[in-house]
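What follows is a set of notes on a single structure, which appears directly below.
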Amino acid sequence: MAARTCRVSSIRLALILTAAIWLLSMVLYWNTLQRPALPLKEVFPYGELRIAIDASNPPFAVATADDFVGLEVDLGRMLATEIGISARFVNMTFDSLYDSLKADQVDIVIATLSIDPLRTREVRYTRPYFNAGLVLVSPAHMGFSHMRQLSGYTLSYEFGSSADSQSRVWLRRIPSFEVRPYELPQHALDAVRLNDAEAALVDRVSTRLYLRQHSDWSVHLEDVTYVPYVIAARFDRELLWEAVDKALQVLIEDGRLTEMINKWL
Amino acid sequence: MFVADSWFRITLSRYGRWYLRAFAVWLLFGQITATGPRATLGPPQTVETAKSQVCVHTRLIDEVWEWKIQRSLQYVREMGVDTIVEFFPWAYIEGTQGRYDWEPADRIVRHAHNQGLQIIARMGFVPAWARPDVDDQFSTLNYLPESSFEDFADFVADFALRYAGVIDHIIIWNEPNLAFEWGYRPVDPEGYVRLLQAVYERAHAANPAILILAAALAPTLEPPGSPNGLDDLLYLKALMEAGAADYFDALAIHTYGFTEAPEVEPAEDLLNYRRAELLYEILQQYDHKPVYITETGWNDHPRWTKAVRPAQRIRYTLDALDWAIHHWAWAEKVCLWALRFPAPTQSYPDNFTLITPEFQLRPIYYALQNYARGWGMDRDLWLPAPAE
């Protein structure tokens with residue numbers, strides 16, 4: 001059978017490719033354009049930013065006799081101010097936070113949440129507002145910045161904690177160092193401050209709270225693990241999520257978030 | 001035929017067959033999916049343990065990869081634990097009436113046996129065909145209508161026969177004193193006795209060595225009439241009053257410490273570790289049967305209100321096992337909840353486990369290994385607080 005031949009000129013091919021590239025760049029450019037903001041009433045139909053918190057978790061959120069206080073309460077208020085509406089806090093137990101979002105009882109959740117990959121079809125997460133991971137704490141003059149520097153020294157940590165797990169990993173990877181397990185993270189930090197150990201591996205929240213009580217102690221902090229705290233919004237409320245995320249970005253960039261963290265931690 | 005001008009002139013007549021061959025090869029290789037390490041059975045293992053009462057609850061049935069099942073069971077053996085509790089859902093095995101897919105159960109049993117482990121099997125989860133028609137009535141996987149008791153008994157008997165000699169302990173159902181576990185219906189101790197009755201003779205006929213364990217009850221203080229469930233002590237009394245003793249050989253118990261130390265005295269209005277003693281006392285008032293603690297433990301999630309600090313969790317767990325060994329001769333096994341989950345829950349249940357889904361051994365695993373294998377451990381797990 002005679003073969004049917006279809007000829008495509010190289011010029012035509014080049015034209016098609018050019019058109020495709022042009023179309024693609026237009027799509028990309030369109031996505032970067034600032035679209036006119038929707039009226040707040042449409043993004044926040046309840047006329048306020050309803051925020052779920054867990055007010056049993058100091059210093060992030062605590063219930064007083066007639067109000068809520070804490071880092072996340074301040075953050076929620078500041079986000080609402082930045083957006084231009086009022087904030088209303090709804091106290092939830094830890095187990096009910098995502099359900100309250102799902103049931104539309106609240107618009108966002110600010111409650112030391114980490115990203116849950118299994119929920120990303122239902123929930124959008126903002127950029128992080130705090131890293132609660134482990135930090136390596138050492139006296140300023142020692143300034144440990146890498147696990148290898150621990151060799152031959154002593155590391156303190158909270159027995160049974162994630163710091164304990166991490167130190168066991170390090171013990172398998174680097175030349176030996178001595179370990180000193182304690183019941184509480186505060187004791188592990190005491191050990192460094194009182195020269196029983198050269199470094200402590202402790203979570204960032206415990207470390208910051210401890211350092212508030214020992215402000216004259218000069219230390220070097222080195223991030224070891226990354227546990228970001230993020231704000232959650234419903235997946236189908238993209239504009240709301242975008243508004244909250246942008247407001248958070250502003251707070252990060254102008255330093256107000258850092259001020260807030262320094263106030264509470 | 002396709003031809004392009006200039007330097008990339010191509011004709012289908014010339015290269016078409018190669019395209020087809022390449023496509024066939026691509027299709028063929030596409031069928032080869034990524035696999036984990038092979039889970040070939042090695043030589044049979046034996047468990048070295050100094051504390052044969054210690055046991056652990058696994059969650060293997062939902063594990064996709066066979067090598068992860070094998071790895072999990074290797075860790076059980078290396079921990080010095082010779083018995084596991086595992087869930088074998090009826091709905092997974094007999095999804096269609098009369099047609100069994102034993103493979104999910106077989107691979108667990110195969111590897112557990114190879115590691116020298118005994119299995120206490122928990123039965124539950126009702127297949128759709130054994131539940132009311134979805135158009136007639138809402139039902140969940142825990143909804144077992146009385147009309148399907150015989151079908152369930154058939155399954156349990158077939159299971160008992162298939163694994164005779166490897167699995168000689170079967171728990172019938174889970175926490176039937178909770179409405180959720182009873183298919184979101186009011187709890188019904190008499191109904192549960194009828195379920196035991198349906199199963200008991202059939203299972204023993206299939207495997208005369210089988211021990212039928214009455215389901216562990218959820219530790220709860222729910223009062224009579226609560227839509228959520230019923231106090232476990234009240235439920236057990238009702239069960240025994242309804243004549244359950246004739247239809248089970250041993251009682252499974254769930255007892256959790258929550259925020260209390262294991263030595264704390266039990267009380268009827270308190271949920272703590274030694275609540276198991278109250279359940280045992282009730283059992284003894286009616287019949288002398290052994291007990292298997294099939295779930296226990298402490299949790300160290302930083303946000304759960306019923307959790308403790310990580311160090312406390314380890315201390316309490318070891319003390320609880322010691323307590324059982326020295327005071328609970330009637331407890332055949334004390335099983336910790338839980339070895340490992342196939343995937344993280346991203347919530348407090350993760351902090352009941354001994355191993356992460358990525359197979360990182362938590363510090364509590366090492367402490368339990370030292371304990372169960374008798375490797376010796378200082379009474380003081382941690383150092384005293386540094387002095388100023």
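Just so we're on the same page: first chain in the structure tokens is A, next is B, and so on; residues restart at 1 for each chain, and ligands are numbered from 1 in the order they show up.
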Provide as a PyMOL selection string the residues of chain A at most 9 Å from chain B, counting only C-alpha atoms. chain A and resi 3-10+56-57+94-95+114-118+158-162+164-165+168+180-184+186-188+190-191+194+196
Save the residues we just selected, N, CA and C atoms, as a compact mmCIF listing (two decimals), in the first residue's frame?
```txt
# COMPACT_ATOMS: atom_id res chain seq x y z
N ALA A 3 2.25 4.67 0.88
CA ALA A 3 2.19 5.49 2.11
C ALA A 3 1.73 6.90 1.81
N ARG A 4 0.80 7.40 2.68
CA ARG A 4 0.31 8.77 2.50
C ARG A 4 1.26 9.71 3.25
N THR A 5 1.72 10.73 2.58
CA THR A 5 2.71 11.60 3.19
C THR A 5 2.09 12.94 3.57
N CYS A 6 2.35 13.34 4.83
CA CYS A 6 1.84 14.64 5.29
C CYS A 6 3.04 15.51 5.60
N ARG A 7 3.12 16.62 4.92
CA ARG A 7 4.30 17.46 5.11
C ARG A 7 3.96 18.68 5.97
N VAL A 8 4.76 18.90 6.96
CA VAL A 8 4.60 20.10 7.80
C VAL A 8 5.86 20.92 7.66
N SER A 9 5.73 22.10 7.21
CA SER A 9 6.93 22.90 6.99
C SER A 9 7.54 23.32 8.31
N SER A 10 8.83 23.51 8.31
CA SER A 10 9.51 23.92 9.55
C SER A 10 9.04 25.30 9.97
N SER A 56 -6.33 26.62 76.04
CA SER A 56 -5.77 25.86 77.16
C SER A 56 -4.29 25.63 76.92
N ASN A 57 -3.70 26.50 76.12
CA ASN A 57 -2.34 26.24 75.68
C ASN A 57 -1.45 27.47 75.83
N PHE A 94 -8.89 20.89 71.51
CA PHE A 94 -7.92 20.51 70.48
C PHE A 94 -8.53 19.57 69.44
N ASP A 95 -9.38 18.64 69.91
CA ASP A 95 -9.96 17.65 68.99
C ASP A 95 -11.01 18.24 68.06
N SER A 114 0.19 22.19 62.93
CA SER A 114 1.21 21.92 61.92
C SER A 114 0.50 21.46 60.66
N ILE A 115 1.21 21.47 59.55
CA ILE A 115 0.58 21.05 58.29
C ILE A 115 0.31 19.55 58.34
N ASP A 116 -0.95 19.21 58.07
CA ASP A 116 -1.33 17.80 58.00
C ASP A 116 -1.55 17.45 56.53
N PRO A 117 -0.63 16.73 55.92
CA PRO A 117 -0.75 16.44 54.48
C PRO A 117 -2.05 15.72 54.12
N LEU A 118 -2.60 14.98 55.07
CA LEU A 118 -3.82 14.23 54.76
C LEU A 118 -5.05 15.14 54.70
N GLU A 158 15.36 16.20 77.27
CA GLU A 158 14.23 15.66 78.03
C GLU A 158 14.09 14.18 77.70
N PHE A 159 14.14 13.34 78.71
CA PHE A 159 14.07 11.89 78.50
C PHE A 159 12.74 11.52 77.83
N GLY A 160 12.84 10.68 76.82
CA GLY A 160 11.63 10.17 76.15
C GLY A 160 11.06 11.07 75.08
N SER A 161 11.61 12.27 74.95
CA SER A 161 11.04 13.25 74.02
C SER A 161 11.61 13.08 72.61
N SER A 162 11.16 13.95 71.70
CA SER A 162 11.71 13.91 70.34
C SER A 162 13.19 14.29 70.36
N ASP A 164 15.25 13.32 72.65
CA ASP A 164 15.88 12.04 73.01
C ASP A 164 16.06 11.19 71.73
N SER A 165 14.99 11.11 70.93
CA SER A 165 15.08 10.35 69.66
C SER A 165 16.17 10.92 68.77
N ARG A 168 19.66 10.06 69.85
CA ARG A 168 20.01 8.67 69.53
C ARG A 168 20.45 8.56 68.07
N ARG A 180 22.95 13.28 78.84
CA ARG A 180 22.37 13.49 80.17
C ARG A 180 20.87 13.70 80.03
N PRO A 181 20.09 12.63 80.22
CA PRO A 181 18.63 12.77 80.12
C PRO A 181 18.03 13.32 81.42
N TYR A 182 17.06 14.21 81.27
CA TYR A 182 16.36 14.79 82.42
C TYR A 182 14.86 14.61 82.26
N GLU A 183 14.16 14.80 83.35
CA GLU A 183 12.72 14.60 83.30
C GLU A 183 12.02 15.70 82.49
N LEU A 184 12.55 16.91 82.58
CA LEU A 184 11.89 18.05 81.95
C LEU A 184 12.87 18.83 81.09
N GLN A 186 13.27 21.97 81.02
CA GLN A 186 13.88 23.03 81.83
C GLN A 186 15.12 22.52 82.55
N HIS A 187 15.06 21.26 83.00
CA HIS A 187 16.23 20.68 83.68
C HIS A 187 17.40 20.50 82.71
N ALA A 188 17.06 20.15 81.47
CA ALA A 188 18.12 19.99 80.46
C ALA A 188 18.81 21.33 80.23
N ASP A 190 18.86 23.83 82.45
CA ASP A 190 19.59 24.10 83.70
C ASP A 190 20.99 23.47 83.63
N ALA A 191 21.03 22.26 83.11
CA ALA A 191 22.31 21.52 83.06
C ALA A 191 23.36 22.31 82.28
N LEU A 194 24.27 25.52 84.25
CA LEU A 194 25.06 25.26 85.46
C LEU A 194 26.30 24.41 85.18
N ASP A 196 26.75 21.50 83.76
CA ASP A 196 26.73 20.04 83.81
C ASP A 196 26.75 19.45 82.40
```
Find the spatial neighbours of His220 (chain A), counting only C-alpha atoms, within a cut-off of 6 Å - ignore same-chain residues fewer than 2 positions away - and output them as a list in words.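 With the cut-off at 6 Å, the set is Val137, Ser138, Pro139, Ala140 and Gly143 of chain A.
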Generate the output file for the selected residues, C-alpha atoms, as an mmCIF file, in the first residue's frame.
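As written to disk, selection.cif reads:
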```
data_model
loop_
_atom_site.group_PDB
_atom_site.id
_atom_site.type_symbol
_atom_site.label_atom_id
_atom_site.label_comp_id
_atom_site.auth_asym_id
_atom_site.auth_seq_id
_atom_site.Cartn_x
_atom_site.Cartn_y
_atom_site.Cartn_z
ATOM 1 C CA VAL A 137 21.294 25.421 72.905
ATOM 2 C CA SER A 138 24.874 26.092 73.907
ATOM 3 C CA PRO A 139 26.654 28.855 75.814
ATOM 4 C CA ALA A 140 27.474 31.765 73.520
ATOM 5 C CA GLY A 143 28.377 28.362 69.864
#
```
So that I can see what lies close to region 58-69 of chain A, please list as a PyMOL selection string the residues with an atom at most 8 Å from it, counting only C-alpha atoms and leaving out residues fewer than 5 positions away in the same chain. chain A and resi 53+74+89+111-112+264-265
What's around Ser226 (chain B) at 10 Å? Count only C-alpha atoms, leave out sequence neighbours fewer than 2 positions away in its own chain, and write the answer as number ranges by chain. B: 178-179, 186-187, 221-224, 228-231
Separating CA of Tyr75 (chain B) from CA of Asp322 (chain B), to the nearest tenth of an Å, is a gap of 21.6 Å
According to DSSP computed on the backbone, where in region 54-216 of chain A is there strand (DSSP E)? Give the residues as a PDB file with C-alpha atoms, in the first residue's frame.
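Saved as selection_36.pdb:
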```
ATOM      1  CA  SER A  56      -5.773  25.863  77.161  1.00  0.00           C
ATOM      2  CA  ASN A  57      -2.339  26.236  75.679  1.00  0.00           C
ATOM      3  CA  ALA A  61      -3.910  31.056  73.979  1.00  0.00           C
ATOM      4  CA  VAL A  62      -5.384  31.148  77.457  1.00  0.00           C
ATOM      5  CA  ALA A  63      -8.841  31.985  78.750  1.00  0.00           C
ATOM      6  CA  PHE A  68      -8.671  35.371  75.814  1.00  0.00           C
ATOM      7  CA  VAL A  69      -4.992  36.259  75.852  1.00  0.00           C
ATOM      8  CA  SER A  86     -13.188  42.724  63.617  1.00  0.00           C
ATOM      9  CA  ALA A  87     -12.065  39.443  65.140  1.00  0.00           C
ATOM     10  CA  ARG A  88     -14.187  37.065  67.162  1.00  0.00           C
ATOM     11  CA  PHE A  89     -12.576  34.169  69.019  1.00  0.00           C
ATOM     12  CA  VAL A  90     -14.230  30.811  69.493  1.00  0.00           C
ATOM     13  CA  ASN A  91     -12.672  28.566  72.124  1.00  0.00           C
ATOM     14  CA  ILE A 108      -9.801  30.120  60.404  1.00  0.00           C
ATOM     15  CA  VAL A 109      -7.991  28.115  63.065  1.00  0.00           C
ATOM     16  CA  ILE A 110      -4.983  29.542  64.890  1.00  0.00           C
ATOM     17  CA  ALA A 111      -4.009  26.892  67.410  1.00  0.00           C
ATOM     18  CA  THR A 112      -0.415  25.698  67.025  1.00  0.00           C
ATOM     19  CA  LEU A 113      -1.408  23.569  64.064  1.00  0.00           C
ATOM     20  CA  VAL A 123      -7.881  22.738  54.271  1.00  0.00           C
ATOM     21  CA  ARG A 124      -5.549  25.464  53.041  1.00  0.00           C
ATOM     22  CA  TYR A 125      -2.637  26.408  55.238  1.00  0.00           C
ATOM     23  CA  PHE A 130       6.328  30.148  64.251  1.00  0.00           C
ATOM     24  CA  ASN A 131       8.865  27.327  64.130  1.00  0.00           C
ATOM     25  CA  LEU A 134      14.137  21.507  68.285  1.00  0.00           C
ATOM     26  CA  VAL A 135      17.011  23.870  68.902  1.00  0.00           C
ATOM     27  CA  LEU A 136      20.544  23.122  70.001  1.00  0.00           C
ATOM     28  CA  VAL A 137      21.294  25.421  72.905  1.00  0.00           C
ATOM     29  CA  SER A 138      24.874  26.092  73.907  1.00  0.00           C
ATOM     30  CA  PRO A 139      26.654  28.855  75.814  1.00  0.00           C
ATOM     31  CA  THR A 154      27.871  16.372  76.895  1.00  0.00           C
ATOM     32  CA  LEU A 155      24.334  16.826  75.572  1.00  0.00           C
ATOM     33  CA  SER A 156      21.299  17.176  77.827  1.00  0.00           C
ATOM     34  CA  TYR A 157      17.668  16.634  76.779  1.00  0.00           C
ATOM     35  CA  GLU A 158      14.232  15.660  78.031  1.00  0.00           C
ATOM     36  CA  GLU A 178      27.964  11.884  76.590  1.00  0.00           C
ATOM     37  CA  VAL A 179      24.237  12.174  77.153  1.00  0.00           C
ATOM     38  CA  ARG A 180      22.371  13.486  80.174  1.00  0.00           C
ATOM     39  CA  PRO A 181      18.631  12.772  80.123  1.00  0.00           C
ATOM     40  CA  TYR A 182      16.361  14.787  82.423  1.00  0.00           C
ATOM     41  CA  ALA A 199      24.660  21.736  75.029  1.00  0.00           C
ATOM     42  CA  ALA A 200      20.966  20.992  75.338  1.00  0.00           C
ATOM     43  CA  LEU A 201      18.536  19.811  72.702  1.00  0.00           C
ATOM     44  CA  VAL A 202      15.160  21.312  73.528  1.00  0.00           C
ATOM     45  CA  ASP A 203      12.062  22.528  71.704  1.00  0.00           C
TER      46      ASP A 203
END
```
I need the alpha helix (DSSP H) residues of region 74-152 of chain B per DSSP on the backbone, written as number ranges by chain. B: 74-79, 90-93, 103-114, 149-152
Just the number, please: distance in Å from CA of Met240 (chain B) to CA of Asn174 (chain B), one decimal.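 Distance reported for this atom pair: 17.0 Å.
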Need the shell around region 244-249 of chain A: protein/DNA/RNA residues with any atom at most 7 Å away, counting only C-alpha atoms. Skip same-chain ones fewer than 4 positions apart. Format as number ranges by chain? A: 79, 82-83, 126-127, 240, 253
Emit the selected residues as an mmCIF file, in the first residue's frame, including N, CA and C atoms.
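Final file, result27.cif:
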```cif
data_model
loop_
_atom_site.group_PDB
_atom_site.id
_atom_site.type_symbol
_atom_site.label_atom_id
_atom_site.label_comp_id
_atom_site.auth_asym_id
_atom_site.auth_seq_id
_atom_site.Cartn_x
_atom_site.Cartn_y
_atom_site.Cartn_z
ATOM 1 N N LEU A 79 -4.248 40.271 62.591
ATOM 2 C CA LEU A 79 -4.620 39.868 61.229
ATOM 3 C C LEU A 79 -5.947 40.521 60.838
ATOM 4 N N GLU A 82 -5.432 44.154 60.135
ATOM 5 C CA GLU A 82 -4.755 44.318 58.851
ATOM 6 C C GLU A 82 -5.734 44.143 57.687
ATOM 7 N N ILE A 83 -6.658 43.199 57.862
ATOM 8 C CA ILE A 83 -7.654 42.960 56.807
ATOM 9 C C ILE A 83 -8.721 44.057 56.813
ATOM 10 N N THR A 126 -1.745 28.602 55.697
ATOM 11 C CA THR A 126 -0.991 29.812 55.378
ATOM 12 C C THR A 126 0.493 29.540 55.520
ATOM 13 N N ARG A 127 1.270 30.562 55.265
ATOM 14 C CA ARG A 127 2.705 30.465 55.560
ATOM 15 C C ARG A 127 2.857 30.343 57.091
ATOM 16 N N LEU A 240 -10.605 34.030 51.211
ATOM 17 C CA LEU A 240 -10.393 34.278 52.640
ATOM 18 C C LEU A 240 -8.977 33.856 53.040
ATOM 19 N N GLU A 253 6.736 40.851 57.421
ATOM 20 C CA GLU A 253 7.676 41.772 56.773
ATOM 21 C C GLU A 253 7.904 43.053 57.571
#
```
Between CA of His113 (chain B) and CA of Pro44 (chain B), what is the distance, to one decimal in Å?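 Answer for the CA of His113 (chain B) to CA of Pro44 (chain B) separation: 7.8 Å.
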Quick one: everything within 6 Å of Pro128 (chain A), counting only C-alpha atoms, minus sequence neighbours fewer than 2 positions away in the same chain. Send it as a PyMOL selection string. chain A and resi 130+228-230
Measuring atom to atom with only C-alpha atoms, identify which of B:Arg77, B:Arg38, B:Lys237, B:His327 is nearest to Gln285 (chain B). B:Lys237
